[in-house]
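Source file: structure08.pdb (PDB, C-alpha atoms, pLDDT in the B column)
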ATOM      1  CA  MET D   1      19.798  36.010   8.363  1.00 55.00           C
ATOM      2  CA  ASN D   2      16.451  37.731   8.605  1.00 60.00           C
ATOM      3  CA  VAL D   3      13.149  35.864   8.889  1.00 54.00           C
ATOM      4  CA  SER D   4      11.961  36.517   5.325  1.00 56.00           C
ATOM      5  CA  ARG D   5      15.246  35.245   3.814  1.00 58.00           C
ATOM      6  CA  ARG D   6      15.177  32.169   6.052  1.00 54.00           C
ATOM      7  CA  THR D   7      11.554  31.474   5.076  1.00 51.00           C
ATOM      8  CA  ALA D   8      12.439  31.883   1.400  1.00 48.00           C
ATOM      9  CA  LEU D   9      15.419  29.556   1.797  1.00 47.00           C
ATOM     10  CA  TYR D  10      13.297  26.900   3.544  1.00 48.00           C
ATOM     11  CA  SER D  11      10.633  27.232   0.856  1.00 49.00           C
ATOM     12  CA  LEU D  12      13.262  26.829  -1.875  1.00 45.00           C
ATOM     13  CA  CYS D  13      14.722  23.736  -0.155  1.00 46.00           C
ATOM     14  CA  GLY D  14      11.222  22.279   0.217  1.00 46.00           C
ATOM     15  CA  CYS D  15      10.485  22.821  -3.482  1.00 46.00           C
ATOM     16  CA  ILE D  16      13.796  21.224  -4.484  1.00 43.00           C
ATOM     17  CA  ALA D  17      13.069  18.231  -2.236  1.00 45.00           C
ATOM     18  CA  LEU D  18       9.584  17.827  -3.699  1.00 44.00           C
ATOM     19  CA  ALA D  19      10.894  18.200  -7.233  1.00 46.00           C
ATOM     20  CA  GLY D  20      13.488  15.529  -6.502  1.00 47.00           C
ATOM     21  CA  CYS D  21      10.771  13.187  -5.266  1.00 47.00           C
ATOM     22  CA  SER D  22       8.856  13.530  -8.517  1.00 46.00           C
ATOM     23  CA  PHE D  23      11.892  12.218 -10.410  1.00 51.00           C
ATOM     24  CA  TYR D  24      11.919   9.047  -8.317  1.00 53.00           C
ATOM     25  CA  ARG D  25       9.229   6.663  -9.380  1.00 65.00           C
ATOM     26  CA  GLU D  26       8.892   3.197  -8.032  1.00 74.00           C
ATOM     27  CA  ARG D  27       8.986   0.624 -10.772  1.00 79.00           C
ATOM     28  CA  PRO D  28       5.497  -0.700 -11.515  1.00 89.00           C
ATOM     29  CA  PRO D  29       4.889  -4.357 -10.708  1.00 91.00           C
ATOM     30  CA  VAL D  30       5.685  -6.895 -13.419  1.00 91.00           C
ATOM     31  CA  VAL D  31       2.586  -8.478 -14.918  1.00 93.00           C
ATOM     32  CA  ILE D  32       2.655 -12.233 -15.465  1.00 94.00           C
ATOM     33  CA  GLY D  33      -0.261 -14.097 -16.965  1.00 94.00           C
ATOM     34  CA  GLY D  34      -2.371 -10.927 -16.977  1.00 93.00           C
ATOM     35  CA  SER D  35      -1.911 -10.160 -13.278  1.00 95.00           C
ATOM     36  CA  PRO D  36       0.627  -7.891 -11.533  1.00 95.00           C
ATOM     37  CA  VAL D  37       2.949  -9.487  -8.996  1.00 96.00           C
ATOM     38  CA  ALA D  38       2.679  -7.382  -5.846  1.00 94.00           C
ATOM     39  CA  LYS D  39       5.711  -6.726  -3.643  1.00 95.00           C
ATOM     40  CA  ASP D  40       3.656  -7.404  -0.519  1.00 95.00           C
ATOM     41  CA  GLN D  41       2.505 -10.878  -1.608  1.00 96.00           C
ATOM     42  CA  SER D  42       4.325 -14.186  -1.825  1.00 97.00           C
ATOM     43  CA  ILE D  43       5.555 -15.857  -4.981  1.00 98.00           C
ATOM     44  CA  MET D  44       2.678 -18.378  -4.753  1.00 98.00           C
ATOM     45  CA  VAL D  45       0.070 -15.619  -4.564  1.00 97.00           C
ATOM     46  CA  GLY D  46       1.543 -14.116  -7.743  1.00 97.00           C
ATOM     47  CA  LEU D  47       1.519 -17.498  -9.492  1.00 98.00           C
ATOM     48  CA  ARG D  48      -2.041 -18.302  -8.462  1.00 98.00           C
ATOM     49  CA  ALA D  49      -3.223 -15.053 -10.063  1.00 97.00           C
ATOM     50  CA  SER D  50      -1.458 -15.815 -13.353  1.00 97.00           C
ATOM     51  CA  SER D  51      -3.515 -17.295 -16.177  1.00 97.00           C
ATOM     52  CA  GLU D  52      -0.330 -18.778 -17.721  1.00 97.00           C
ATOM     53  CA  HIS D  53       0.808 -20.829 -14.721  1.00 98.00           C
ATOM     54  CA  ARG D  54      -2.170 -23.082 -13.904  1.00 97.00           C
ATOM     55  CA  ARG D  55      -0.228 -26.320 -14.426  1.00 97.00           C
ATOM     56  CA  LEU D  56       2.739 -25.086 -12.400  1.00 98.00           C
ATOM     57  CA  VAL D  57       0.480 -24.061  -9.514  1.00 98.00           C
ATOM     58  CA  ALA D  58      -1.319 -27.438  -9.551  1.00 97.00           C
ATOM     59  CA  ALA D  59       2.018 -29.293  -9.644  1.00 97.00           C
ATOM     60  CA  LEU D  60       3.492 -27.208  -6.811  1.00 98.00           C
ATOM     61  CA  GLU D  61       0.396 -27.823  -4.679  1.00 98.00           C
ATOM     62  CA  ALA D  62       0.424 -31.578  -5.472  1.00 96.00           C
ATOM     63  CA  THR D  63       4.063 -31.891  -4.360  1.00 97.00           C
ATOM     64  CA  GLY D  64       3.843 -29.600  -1.319  1.00 97.00           C
ATOM     65  CA  LEU D  65       6.358 -27.122  -2.765  1.00 98.00           C
ATOM     66  CA  ASP D  66       3.729 -24.380  -2.641  1.00 98.00           C
ATOM     67  CA  ALA D  67       4.502 -24.059   1.092  1.00 97.00           C
ATOM     68  CA  GLU D  68       8.148 -23.279   0.231  1.00 96.00           C
ATOM     69  CA  LEU D  69       7.053 -20.533  -2.182  1.00 97.00           C
ATOM     70  CA  ASP D  70       4.613 -19.128   0.382  1.00 97.00           C
ATOM     71  CA  GLY D  71       7.411 -19.083   2.976  1.00 95.00           C
ATOM     72  CA  ILE D  72       9.875 -16.459   4.091  1.00 93.00           C
ATOM     73  CA  GLY D  73      12.504 -16.674   1.356  1.00 89.00           C
ATOM     74  CA  PRO D  74      14.602 -15.286  -0.157  1.00 95.00           C
ATOM     75  CA  LEU D  75      13.796 -17.379  -3.221  1.00 96.00           C
ATOM     76  CA  THR D  76      14.023 -17.210  -6.981  1.00 95.00           C
ATOM     77  CA  LEU D  77      11.562 -19.175  -9.071  1.00 97.00           C
ATOM     78  CA  PHE D  78      12.130 -19.917 -12.733  1.00 96.00           C
ATOM     79  CA  ALA D  79       8.437 -20.341 -13.571  1.00 98.00           C
ATOM     80  CA  PRO D  80       7.613 -22.393 -16.662  1.00 98.00           C
ATOM     81  CA  THR D  81       4.357 -21.496 -18.380  1.00 97.00           C
ATOM     82  CA  ASP D  82       1.559 -23.921 -19.208  1.00 97.00           C
ATOM     83  CA  ALA D  83       2.853 -23.920 -22.793  1.00 96.00           C
ATOM     84  CA  ALA D  84       6.273 -24.994 -21.487  1.00 96.00           C
ATOM     85  CA  PHE D  85       4.713 -28.053 -19.840  1.00 95.00           C
ATOM     86  CA  ASP D  86       2.920 -28.903 -23.114  1.00 93.00           C
ATOM     87  CA  ALA D  87       6.098 -28.557 -25.196  1.00 93.00           C
ATOM     88  CA  LEU D  88       8.364 -30.487 -22.814  1.00 91.00           C
ATOM     89  CA  MET D  89      10.830 -32.752 -24.548  1.00 88.00           C
ATOM     90  CA  PRO D  90      11.942 -35.477 -24.432  1.00 86.00           C
ATOM     91  CA  GLU D  91       8.566 -37.190 -24.393  1.00 88.00           C
ATOM     92  CA  SER D  92       9.869 -39.656 -21.790  1.00 88.00           C
ATOM     93  CA  ALA D  93      10.407 -36.789 -19.315  1.00 89.00           C
ATOM     94  CA  LYS D  94       6.898 -35.499 -19.985  1.00 90.00           C
ATOM     95  CA  THR D  95       5.427 -38.957 -19.315  1.00 91.00           C
ATOM     96  CA  GLN D  96       7.505 -39.394 -16.168  1.00 93.00           C
ATOM     97  CA  ILE D  97       6.376 -35.999 -14.823  1.00 93.00           C
ATOM     98  CA  GLU D  98       2.745 -36.975 -15.366  1.00 91.00           C
ATOM     99  CA  GLN D  99       3.093 -40.424 -13.743  1.00 94.00           C
ATOM    100  CA  ASP D 100       5.760 -40.115 -11.034  1.00 95.00           C
ATOM    101  CA  GLN D 101       5.074 -37.716  -8.143  1.00 95.00           C
ATOM    102  CA  ASP D 102       8.646 -37.991  -6.796  1.00 96.00           C
ATOM    103  CA  TYR D 103      10.123 -37.138 -10.184  1.00 96.00           C
ATOM    104  CA  LEU D 104       7.699 -34.218 -10.541  1.00 96.00           C
ATOM    105  CA  LYS D 105       8.884 -32.871  -7.167  1.00 97.00           C
ATOM    106  CA  GLU D 106      12.526 -33.261  -8.212  1.00 96.00           C
ATOM    107  CA  VAL D 107      11.875 -31.367 -11.462  1.00 97.00           C
ATOM    108  CA  LEU D 108       9.977 -28.569  -9.714  1.00 97.00           C
ATOM    109  CA  SER D 109      12.717 -28.287  -7.060  1.00 97.00           C
ATOM    110  CA  GLY D 110      15.079 -27.627  -9.950  1.00 96.00           C
ATOM    111  CA  GLN D 111      13.194 -24.434 -10.794  1.00 97.00           C
ATOM    112  CA  ILE D 112      13.702 -22.941  -7.298  1.00 96.00           C
ATOM    113  CA  VAL D 113      16.847 -21.276  -5.927  1.00 93.00           C
ATOM    114  CA  ARG D 114      17.252 -20.254  -2.264  1.00 93.00           C
ATOM    115  CA  ALA D 115      18.503 -16.780  -3.117  1.00 90.00           C
ATOM    116  CA  ARG D 116      17.032 -13.586  -4.499  1.00 91.00           C
ATOM    117  CA  LEU D 117      18.470 -13.335  -8.032  1.00 88.00           C
ATOM    118  CA  THR D 118      17.428 -10.403 -10.177  1.00 86.00           C
ATOM    119  CA  THR D 119      18.766  -9.899 -13.681  1.00 79.00           C
ATOM    120  CA  ARG D 120      20.829  -7.066 -12.185  1.00 73.00           C
ATOM    121  CA  ASP D 121      22.481  -9.645  -9.917  1.00 74.00           C
ATOM    122  CA  LEU D 122      23.208 -11.758 -12.968  1.00 65.00           C
ATOM    123  CA  ARG D 123      24.475  -8.707 -14.873  1.00 62.00           C
ATOM    124  CA  ASN D 124      27.036  -8.065 -12.141  1.00 62.00           C
ATOM    125  CA  VAL D 125      28.249 -11.669 -12.280  1.00 57.00           C
ATOM    126  CA  PHE D 126      28.217 -12.303 -16.058  1.00 50.00           C
ATOM    127  CA  PRO D 127      31.319 -10.225 -16.946  1.00 50.00           C
ATOM    128  CA  GLN D 128      33.381 -11.855 -14.193  1.00 52.00           C
ATOM    129  CA  LEU D 129      32.622 -15.366 -15.438  1.00 51.00           C
ATOM    130  CA  ASN D 130      32.951 -14.874 -19.211  1.00 55.00           C
ATOM    131  CA  GLY D 131      29.212 -14.518 -19.770  1.00 52.00           C
ATOM    132  CA  LYS D 132      28.169 -17.476 -17.613  1.00 63.00           C
ATOM    133  CA  THR D 133      27.242 -18.069 -14.008  1.00 70.00           C
ATOM    134  CA  LYS D 134      26.083 -21.082 -11.982  1.00 76.00           C
ATOM    135  CA  VAL D 135      23.628 -21.431  -9.132  1.00 81.00           C
ATOM    136  CA  PHE D 136      22.335 -24.429  -7.205  1.00 86.00           C
ATOM    137  CA  ALA D 137      18.642 -25.241  -7.255  1.00 91.00           C
ATOM    138  CA  LEU D 138      16.674 -26.642  -4.336  1.00 94.00           C
ATOM    139  CA  ASN D 139      17.260 -30.176  -5.692  1.00 93.00           C
ATOM    140  CA  LYS D 140      21.060 -29.542  -5.505  1.00 92.00           C
ATOM    141  CA  GLN D 141      21.341 -29.535  -9.309  1.00 91.00           C
ATOM    142  CA  VAL D 142      23.341 -26.809 -11.043  1.00 87.00           C
ATOM    143  CA  ILE D 143      21.592 -24.224 -13.199  1.00 85.00           C
ATOM    144  CA  GLN D 144      23.911 -22.374 -15.539  1.00 82.00           C
ATOM    145  CA  ALA D 145      22.869 -18.916 -16.719  1.00 82.00           C
ATOM    146  CA  GLU D 146      24.335 -17.461 -19.883  1.00 79.00           C
ATOM    147  CA  GLY D 147      23.684 -14.823 -22.513  1.00 74.00           C
ATOM    148  CA  VAL D 148      22.939 -11.171 -22.015  1.00 70.00           C
ATOM    149  CA  PRO D 149      21.447  -9.964 -18.720  1.00 65.00           C
ATOM    150  CA  LYS D 150      18.269  -8.565 -20.277  1.00 72.00           C
ATOM    151  CA  SER D 151      17.407 -11.955 -21.761  1.00 75.00           C
ATOM    152  CA  PRO D 152      19.348 -14.669 -19.962  1.00 83.00           C
ATOM    153  CA  ARG D 153      19.160 -18.285 -20.956  1.00 86.00           C
ATOM    154  CA  LEU D 154      19.348 -21.132 -18.478  1.00 88.00           C
ATOM    155  CA  VAL D 155      21.073 -24.441 -19.130  1.00 87.00           C
ATOM    156  CA  ASP D 156      20.228 -27.583 -17.160  1.00 90.00           C
ATOM    157  CA  LEU D 157      22.542 -30.529 -16.536  1.00 89.00           C
ATOM    158  CA  ARG D 158      21.242 -32.249 -19.681  1.00 92.00           C
ATOM    159  CA  GLY D 159      22.507 -29.326 -21.754  1.00 91.00           C
ATOM    160  CA  ARG D 160      18.960 -28.162 -22.566  1.00 93.00           C
ATOM    161  CA  THR D 161      18.483 -24.401 -22.898  1.00 93.00           C
ATOM    162  CA  VAL D 162      15.509 -22.507 -21.459  1.00 94.00           C
ATOM    163  CA  SER D 163      14.913 -18.793 -22.092  1.00 93.00           C
ATOM    164  CA  VAL D 164      13.758 -16.274 -19.507  1.00 92.00           C
ATOM    165  CA  VAL D 165      10.863 -14.612 -21.328  1.00 93.00           C
ATOM    166  CA  GLN D 166       9.756 -12.298 -18.527  1.00 93.00           C
ATOM    167  CA  ARG D 167      12.029 -11.204 -15.733  1.00 92.00           C
ATOM    168  CA  ASP D 168      12.215  -9.627 -12.312  1.00 93.00           C
ATOM    169  CA  ALA D 169       8.654 -10.003 -11.006  1.00 96.00           C
ATOM    170  CA  ILE D 170       9.369  -8.986  -7.416  1.00 95.00           C
ATOM    171  CA  ALA D 171       7.325 -10.606  -4.655  1.00 97.00           C
ATOM    172  CA  LYS D 172       7.571 -10.310  -0.880  1.00 97.00           C
ATOM    173  CA  ASN D 173       9.712 -13.428  -0.531  1.00 97.00           C
ATOM    174  CA  GLY D 174      11.668 -13.352  -3.776  1.00 96.00           C
ATOM    175  CA  ILE D 175      11.696 -13.055  -7.533  1.00 96.00           C
ATOM    176  CA  ILE D 176       9.799 -14.771 -10.350  1.00 97.00           C
ATOM    177  CA  HIS D 177      11.373 -15.160 -13.791  1.00 95.00           C
ATOM    178  CA  VAL D 178       8.964 -16.639 -16.365  1.00 97.00           C
ATOM    179  CA  THR D 179      10.575 -19.282 -18.586  1.00 96.00           C
ATOM    180  CA  ASP D 180       9.636 -21.012 -21.821  1.00 96.00           C
ATOM    181  CA  GLY D 181      10.725 -24.440 -20.577  1.00 96.00           C
ATOM    182  CA  LEU D 182      11.441 -26.651 -17.590  1.00 97.00           C
ATOM    183  CA  LEU D 183      14.911 -27.309 -16.241  1.00 95.00           C
ATOM    184  CA  LEU D 184      15.316 -31.077 -16.006  1.00 95.00           C
ATOM    185  CA  PRO D 185      17.553 -32.916 -13.538  1.00 93.00           C
ATOM    186  CA  GLN D 186      20.449 -35.000 -14.711  1.00 87.00           C
ATOM    187  CA  GLU D 187      19.354 -38.324 -16.175  1.00 81.00           C
ATOM    188  CA  LYS D 188      19.969 -41.285 -13.916  1.00 69.00           C
ATOM    189  CA  ARG D 189      21.883 -44.076 -15.568  1.00 54.00           C
ATOM    190  CA  ALA D 190      20.353 -47.545 -15.703  1.00 49.00           C
ATOM    191  CA  ASP D 191      23.232 -48.918 -13.582  1.00 50.00           C
ATOM    192  CA  GLY D 192      22.297 -46.512 -10.774  1.00 50.00           C
ATOM    193  CA  GLY D 193      25.246 -44.136 -11.321  1.00 48.00           C
TER     194      GLY D 193
END
For the structure just supplied, provide its representation as structure tokens.
Amino acid sequence: MNVSRRTALYSLCGCIALAGCSFYRERPPVVIGGSPVAKDQSIMVGLRASSEHRRLVAALEATGLDAELDGIGPLTLFAPTDAAFDALMPESAKTQIEQDQDYLKEVLSGQIVRARLTTRDLRNVFPQLNGKTKVFALNKQVIQAEGVPKSPRLVDLRGRTVSVVQRDAIAKNGIIHVTDGLLLPQEKRADGG
């Protein structure tokens, strides 16, 4: 092959490679509470920048769980908004969260999973389990996910349903899914069982 043909071939390959690169675009960061969640920052950094997660951030810091979400991961956080805290039912759970630090920590631990779960991960599991899947939260309680992958719903052990309203905010140490409610732990019976 002569030099001019080789040069033309290399130029053509270079143009094809560059054209291929222009088709690949990294997905922009997901914005929660008016602020993008950066892939090089921790879940806690993303939450602290959100205007919709002030109560969650304060609660995580009060219970020491902020260190977990600043850690290595991989983690998934189902992040209830401030409005979710305000709308929490039953009223007894809301009162207990406000007055009992240990219960608050147990509830918040129920929003954290020690795995990186995107909605794509859920999509791959949903069909195999008849539209449902289960994961264990940090507090050892089961979270059941159901529905369609683009808008999954979560079910806690009380049978309460929480919707994922914003999904797949990718941070350095995991994923944030914004929810419209809090996942509550199983109620303890009066007899201790």
Exercise for the section: Measuring atom to atom with all atoms listed in the file, identify which of D:Asp100, D:Asp168, D:Asp82, D:Glu187 is nearest to Ser50 (chain D). Expected result: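 When distances to Ser50 (chain D) are compared using all atoms listed in the file, the smallest one comes from D:Asp82.
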Problem - Residue among D:Leu60, D:Val45, D:Ala137, D:Leu183 lying closest to Val155 (chain D), counting only C-alpha atoms - result: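 So, comparing all the options, the nearest one is D:Leu183.
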Handout entry: the PyMOL selection byres ((chain D and resi 167) around 7) resolved against shown file, as a PyMOL selection string
Key = chain D and resi 164-166+168-169+176-178
Problem - Nearest to Val113 (chain D) by atom-to-atom distance, counting all atoms listed in the file, from D:Thr81, D:Gln41, D:Asn139, D:Gln144 - result: D:Asn139
Practice task
Spell out the residues picked by the PyMOL selection byres ((chain D and resi 116) around 6) here, as a list in words.
Solution key: Pro74, Leu75, Thr76, Ala115, Leu117 and Gly174 of chain D
Handout entry: Nearest-residue call for Ser163 (chain D), choices D:Glu26, D:Asp102, D:Glu68, D:Glu146, using only C-alpha atoms
Key =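 Residue with the minimum atom-to-atom distance to Ser163 (chain D): D:Glu146.
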Handout entry: Within 6 Å of file point (17.0, -27.7, -10.1), counting all atoms listed in the file, expressed as a list in words
Key =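 So the residues meeting the distance criterion are Ser109, Gly110, Gln111, Ala137, Leu138, Asn139 and Gln141 of chain D.
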